[in-house]
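Source file coords06.txt; content: compact mmCIF, C-alpha atoms.
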# COMPACT_ATOMS: atom_id res chain seq x y z
CA MET A 1 22.84 -8.17 -18.97
CA ASN A 2 21.55 -11.17 -17.03
CA ILE A 3 20.46 -10.34 -13.51
CA ASP A 4 19.61 -12.92 -10.88
CA THR A 5 16.40 -11.57 -9.33
CA GLU A 6 16.23 -14.37 -6.77
CA GLY A 7 18.30 -12.21 -4.43
CA ILE A 8 15.65 -9.46 -4.35
CA THR A 9 13.61 -11.08 -1.60
CA ALA A 10 13.62 -11.65 2.12
CA SER A 11 15.08 -15.09 1.43
CA ASN A 12 17.81 -14.54 4.03
CA VAL A 13 15.08 -15.36 6.56
CA PRO A 14 14.53 -19.14 6.38
CA GLY A 15 11.22 -20.05 4.74
CA THR A 16 10.24 -16.45 4.06
CA GLY A 17 11.29 -15.96 0.44
CA GLU A 18 9.19 -18.74 -1.06
CA ARG A 19 6.16 -17.77 1.00
CA LEU A 20 6.35 -14.16 -0.16
CA LYS A 21 6.90 -15.19 -3.77
CA ASN A 22 3.59 -17.06 -3.68
CA SER A 23 1.66 -14.22 -2.04
CA LYS A 24 -0.64 -11.53 -3.47
CA VAL A 25 -1.41 -8.07 -2.11
CA ALA A 26 -3.68 -5.36 -3.53
CA ILE A 27 -3.13 -1.64 -2.98
CA ALA A 28 -6.09 0.71 -3.31
CA GLY A 29 -4.85 4.24 -4.00
CA LEU A 30 -1.34 5.06 -5.23
CA GLY A 31 -0.63 8.38 -3.55
CA GLY A 32 1.76 9.04 -0.69
CA LEU A 33 0.77 5.86 1.11
CA GLY A 34 0.05 3.46 -1.72
CA SER A 35 3.01 4.27 -3.96
CA ASN A 36 5.43 3.78 -1.07
CA ILE A 37 3.69 0.61 0.12
CA ALA A 38 3.92 -0.89 -3.36
CA VAL A 39 7.64 -0.21 -3.65
CA MET A 40 8.35 -1.67 -0.19
CA LEU A 41 6.39 -4.85 -0.95
CA ALA A 42 8.16 -5.20 -4.31
CA ARG A 43 11.54 -4.88 -2.61
CA ILE A 44 10.80 -7.75 -0.21
CA GLY A 45 9.64 -10.00 -3.06
CA VAL A 46 5.85 -10.20 -2.76
CA GLY A 47 4.91 -12.28 -5.78
CA GLU A 48 1.93 -10.35 -7.13
CA LEU A 49 0.73 -6.79 -6.61
CA LEU A 50 -2.53 -5.26 -7.81
CA LEU A 51 -2.22 -1.48 -8.19
CA ALA A 52 -5.55 0.36 -8.22
CA ASP A 53 -5.87 4.07 -8.98
CA PHE A 54 -7.47 6.09 -11.81
CA ASP A 55 -5.43 9.27 -11.27
CA LYS A 56 -2.41 10.70 -13.12
CA VAL A 57 0.85 11.92 -11.62
CA GLU A 58 0.92 15.68 -11.03
CA MET A 59 3.69 18.02 -9.94
CA SER A 60 2.04 18.48 -6.55
CA ASN A 61 2.40 14.74 -5.88
CA LEU A 62 6.19 14.81 -5.83
CA ASN A 63 6.47 16.12 -2.25
CA ARG A 64 5.48 12.75 -0.77
CA GLN A 65 4.69 10.19 -3.46
CA HIS A 66 7.09 7.69 -5.06
CA TYR A 67 7.26 9.41 -8.45
CA ASP A 68 9.63 11.82 -10.18
CA MET A 69 9.53 14.44 -12.93
CA THR A 70 9.61 11.82 -15.68
CA HIS A 71 6.24 10.46 -14.50
CA ILE A 72 4.28 13.72 -14.75
CA GLY A 73 1.11 13.11 -16.80
CA MET A 74 1.34 9.32 -16.63
CA LEU A 75 -1.30 7.16 -15.01
CA LYS A 76 -0.06 6.34 -11.53
CA THR A 77 -0.60 2.66 -12.22
CA ASP A 78 1.71 2.80 -15.25
CA ALA A 79 4.34 4.93 -13.53
CA LEU A 80 4.48 2.66 -10.51
CA ARG A 81 4.46 -0.53 -12.59
CA ASP A 82 7.48 0.77 -14.51
CA GLN A 83 9.32 1.54 -11.27
CA ILE A 84 8.61 -1.89 -9.85
CA ARG A 85 9.91 -3.54 -13.01
CA MET A 86 13.18 -1.67 -12.54
CA ILE A 87 13.37 -2.61 -8.84
CA ASN A 88 12.27 -6.24 -8.95
CA PRO A 89 11.21 -7.63 -12.35
CA SER A 90 10.15 -10.93 -10.80
CA VAL A 91 7.08 -9.27 -9.23
CA LYS A 92 3.88 -9.79 -11.23
CA VAL A 93 2.09 -6.44 -11.44
CA LYS A 94 -1.57 -6.08 -12.32
CA THR A 95 -3.31 -2.72 -12.61
CA CYS A 96 -6.83 -1.33 -12.29
CA ASP A 97 -7.40 2.18 -13.65
CA ALA A 98 -11.08 2.37 -12.71
CA MET A 99 -12.48 4.31 -9.76
CA ILE A 100 -13.13 1.95 -6.85
CA THR A 101 -16.73 2.12 -5.62
CA GLU A 102 -18.93 0.10 -3.29
CA ASP A 103 -20.34 -1.58 -6.38
CA ASN A 104 -17.06 -2.88 -7.82
CA ALA A 105 -14.70 -3.12 -4.81
CA ALA A 106 -15.47 -6.73 -3.93
CA GLU A 107 -15.03 -7.83 -7.55
CA VAL A 108 -11.79 -5.89 -8.14
CA PHE A 109 -10.13 -7.31 -5.03
CA ASP A 110 -11.81 -10.72 -5.07
CA SER A 111 -8.66 -12.84 -5.39
CA TYR A 112 -6.56 -10.89 -2.88
CA ASP A 113 -6.40 -11.96 0.75
CA ILE A 114 -4.82 -8.67 1.84
CA VAL A 115 -5.81 -5.20 0.65
CA CYS A 116 -3.91 -2.08 1.71
CA GLU A 117 -6.30 0.89 1.84
CA ALA A 118 -4.43 4.03 0.80
CA PHE A 119 -7.10 6.54 -0.22
CA ASP A 120 -6.92 10.25 0.63
CA ASP A 121 -10.64 10.83 1.15
CA PRO A 122 -12.15 9.65 4.48
CA ARG A 123 -15.42 8.69 2.79
CA SER A 124 -13.59 6.52 0.28
CA LYS A 125 -11.65 4.90 3.11
CA ALA A 126 -14.86 4.03 4.96
CA MET A 127 -16.48 2.78 1.77
CA LEU A 128 -13.63 0.40 1.00
CA VAL A 129 -13.44 -0.99 4.51
CA ASN A 130 -17.20 -1.59 4.60
CA ALA A 131 -17.15 -3.23 1.17
CA LEU A 132 -14.26 -5.59 1.87
CA LEU A 133 -14.69 -6.71 5.47
CA ASP A 134 -16.71 -9.78 4.58
CA GLY A 135 -14.55 -12.43 6.21
CA LYS A 136 -12.76 -13.28 2.95
CA ARG A 137 -9.81 -10.92 3.31
CA LYS A 138 -7.89 -8.64 5.65
CA VAL A 139 -7.74 -4.87 5.18
CA VAL A 140 -4.76 -2.77 6.31
CA ALA A 141 -6.01 0.83 6.47
CA ALA A 142 -4.49 4.17 7.49
CA SER A 143 -5.45 7.47 9.07
CA GLY A 144 -3.89 10.32 11.04
CA MET A 145 -0.53 10.79 9.34
CA ALA A 146 -0.68 14.48 8.41
CA GLY A 147 1.63 17.19 9.66
CA PHE A 148 4.98 16.88 11.41
CA GLY A 149 4.20 15.45 14.84
CA SER A 150 6.35 12.74 16.34
CA ALA A 151 6.63 9.64 14.19
CA ASN A 152 6.53 7.65 17.43
CA ASN A 153 2.82 8.42 17.67
CA ILE A 154 2.08 6.36 14.57
CA LYS A 155 0.98 2.88 15.62
CA THR A 156 -0.65 -0.22 14.15
CA LYS A 157 -3.78 -1.55 15.81
CA HIS A 158 -5.98 -4.55 15.15
CA THR A 159 -9.28 -2.77 15.63
CA PHE A 160 -11.56 -5.73 14.97
CA ASN A 161 -11.63 -8.96 13.00
CA GLY A 162 -9.96 -8.47 9.64
CA LEU A 163 -9.19 -4.75 10.00
CA TYR A 164 -5.81 -3.26 10.90
CA VAL A 165 -5.41 0.51 11.16
CA CYS A 166 -2.07 2.31 10.99
CA GLY A 167 -1.66 5.93 12.03
CA ASP A 168 -1.79 8.45 14.83
CA PRO A 169 -4.92 8.02 16.99
CA GLN A 170 -4.83 11.75 17.75
CA PRO A 171 -6.47 13.79 14.96
CA SER A 172 -3.76 15.30 12.76
CA GLU A 173 -5.75 16.46 9.71
CA ARG A 174 -6.78 20.07 10.24
CA GLU A 175 -6.69 23.36 8.39
CA GLY A 176 -3.18 24.52 7.67
CA VAL A 177 -1.62 21.09 8.30
CA GLY A 178 -0.93 19.14 5.14
CA PHE A 179 0.63 15.80 4.31
CA MET A 180 4.41 15.70 4.43
CA ALA A 181 6.74 12.97 3.24
CA PRO A 182 8.25 11.82 6.56
CA ARG A 183 5.08 10.93 8.49
CA VAL A 184 3.30 9.67 5.38
CA SER A 185 6.26 7.38 4.66
CA VAL A 186 6.34 6.16 8.26
CA CYS A 187 2.66 5.26 8.06
CA ALA A 188 3.19 3.56 4.69
CA GLY A 189 5.97 1.55 6.32
CA HIS A 190 3.58 0.47 9.06
CA GLN A 191 1.08 -0.70 6.45
CA ALA A 192 3.68 -2.57 4.41
CA ASN A 193 5.07 -4.20 7.55
CA MET A 194 1.60 -5.23 8.71
CA ALA A 195 0.89 -6.73 5.29
CA LEU A 196 4.19 -8.63 5.56
CA ARG A 197 3.34 -9.92 9.01
CA LEU A 198 -0.07 -11.11 7.83
CA LEU A 199 1.50 -12.88 4.86
CA LEU A 200 3.78 -14.68 7.30
CA GLY A 201 0.89 -15.66 9.54
CA MET A 202 1.47 -13.07 12.26
CA GLU A 203 -1.33 -10.91 13.63
CA GLU A 204 -1.45 -8.01 16.05
CA GLU A 205 -3.30 -8.48 19.32
Starting from the file, lay out its structure as structure tokens.
Amino acid sequence: MNIDTEGITASNVPGTGERLKNSKVAIAGLGGLGSNIAVMLARIGVGELLLADFDKVEMSNLNRQHYDMTHIGMLKTDALRDQIRMINPSVKVKTCDAMITEDNAAEVFDSYDIVCEAFDDPRSKAMLVNALLDGKRKVVAASGMAGFGSANNIKTKHTFNGLYVCGDPQPSEREGVGFMAPRVSVCAGHQANMALRLLLGMEEE
């Protein structure tokens, strides 16, 4: 069956489709945030995605991450690459299965102007931001999306040059409050939308 993949873009907005097709975005961490970000960016026709994560899909991931039972035991990079191929085969997908550290972060993401930070661990988040904010690229990070508070509290802020943070400014991670699909997905949507805006030359104040 021949399928015209040209329609799987934001080409209904004049000048947008071609710009997105020629763009590249990296996603660091493929959990609840990263897996959803990747799928959203694939659906709008971002030309190249780098998927970085060393973990495998587990049953406990299915409550908020973009995987299903058939992916259990697979590397998240492989599982997500296969999904993207089924959604939009015109997207070029590259993968990195190594753990991202302060020693390799700059090299892994060297050719990407936008990196979406989607780690679970606060220390890893801080490490990535510190490693990549060198003036060469923009980082779209996230925090404060746990629990079931109002989704209206999740915002996107341009904190300083090159760094955009999506999430609830009020602390939401605390004992007894876990990550649930709705707010995690809302925050992932903020990150994907901010990446889109940056690709189109728009920046938050």
Given only C-alpha atoms, how would the per-residue table for region 110-155 of chain A near region 22-43 of chain A read, listing every residue at most 6 Å away with its closest atom pair and distance in Å to one decimal, sorted by chain and number, as CSV?
residue,atom,partner,partner_atom,distance
A:Tyr112,CA,A:Val25,CA,5.9
A:Ile114,CA,A:Val25,CA,5.3
A:Val115,CA,A:Ala26,CA,4.7
A:Cys116,CA,A:Ile27,CA,4.8
A:Glu117,CA,A:Ala28,CA,5.2
A:Ala118,CA,A:Gly29,CA,4.8
A:Phe119,CA,A:Gly29,CA,5.0
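Put simply, CA of Ala181 (chain A) is 12.2 Å away from CA of Tyr67 (chain A).
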### Message
Using Å and a single decimal, report how far CA of Leu80 (chain A) sits from CA of Gly15 (chain A).
### Response
28.2 Å
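With distances restricted to all atoms listed in the file, A:Leu20 is the closest residue to Leu198 (chain A) from A:Ala151, A:Leu133, A:Val184, A:Leu20.
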### Query
For the atom pair CA of Asp134 (chain A) and CA of Gly162 (chain A), what is the interatomic distance in Å to one decimal place?
8.5 Å
### Task
For Asn130 (chain A), list every protein, DNA or RNA residue within 10 Å, evaluated using only C-alpha atoms, and leave out those in the same chain fewer than 6 positions away; present the list as a list in words.
Glu102, Ala105 and Ser124 of chain A
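Point (1.9, 3.0, -16.8) has the following residues at most 12 Å away: Leu51, Ala52, Asp53, Phe54, Asp55, Lys56, Val57, Tyr67, Thr70, His71, Ile72, Gly73, Met74, Leu75, Lys76, Thr77, Asp78, Ala79, Leu80, Arg81, Asp82, Gln83, Ile84, Arg85, Val93, Lys94, Thr95, Cys96 and Asp97 of chain A (atoms considered: all atoms listed in the file).
Take the candidates A:Met86, A:Leu50, A:Val139, A:Cys166 and check each one against Asn152 (chain A) using all atoms listed in the file; the shortest distance goes to A:Cys166.
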So that I can see what lies close to Asn104 (chain A), please list as a PDB file with C-alpha atoms, in the coordinates of the input the residues with an atom at most 12 Å from it, counting all atoms listed in the file and leaving out residues fewer than 4 positions away in the same chain.
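What landed in part37.pdb:
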ATOM      1  CA  ALA A  52      -5.550   0.360  -8.220  1.00  0.00           C
ATOM      2  CA  CYS A  96      -6.830  -1.330 -12.290  1.00  0.00           C
ATOM      3  CA  ALA A  98     -11.080   2.370 -12.710  1.00  0.00           C
ATOM      4  CA  MET A  99     -12.480   4.310  -9.760  1.00  0.00           C
ATOM      5  CA  ILE A 100     -13.130   1.950  -6.850  1.00  0.00           C
ATOM      6  CA  VAL A 108     -11.790  -5.890  -8.140  1.00  0.00           C
ATOM      7  CA  PHE A 109     -10.130  -7.310  -5.030  1.00  0.00           C
ATOM      8  CA  ASP A 110     -11.810 -10.720  -5.070  1.00  0.00           C
ATOM      9  CA  MET A 127     -16.480   2.780   1.770  1.00  0.00           C
ATOM     10  CA  LEU A 128     -13.630   0.400   1.000  1.00  0.00           C
ATOM     11  CA  ALA A 131     -17.150  -3.230   1.170  1.00  0.00           C
ATOM     12  CA  LEU A 132     -14.260  -5.590   1.870  1.00  0.00           C
TER      13      LEU A 132
END
### Task
Step by step: start from the point (9.9, 10.0, 8.3) in the file's coordinates, keep every protein, DNA or RNA residue that has an atom no farther than 12 Å from it, count only C-alpha atoms, and write the set as a PyMOL selection string.
chain A and resi 64+145-154+179-190
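Residue nearest Asp120 (chain A), chosen from A:Leu163, A:Leu200, A:Ala141, A:Ala195 and counting only C-alpha atoms: A:Ala141.
Residue nearest Thr156 (chain A), chosen from A:Thr101, A:Gly135, A:Asn193, A:Asp121 and counting only C-alpha atoms: A:Asn193.
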### Neighbour list for Val91 (chain A) as a PyMOL selection string, cut-off 7 Å, all atoms listed in the file, skip fewer than 3 positions in-chain
chain A and resi 42+45-48+88
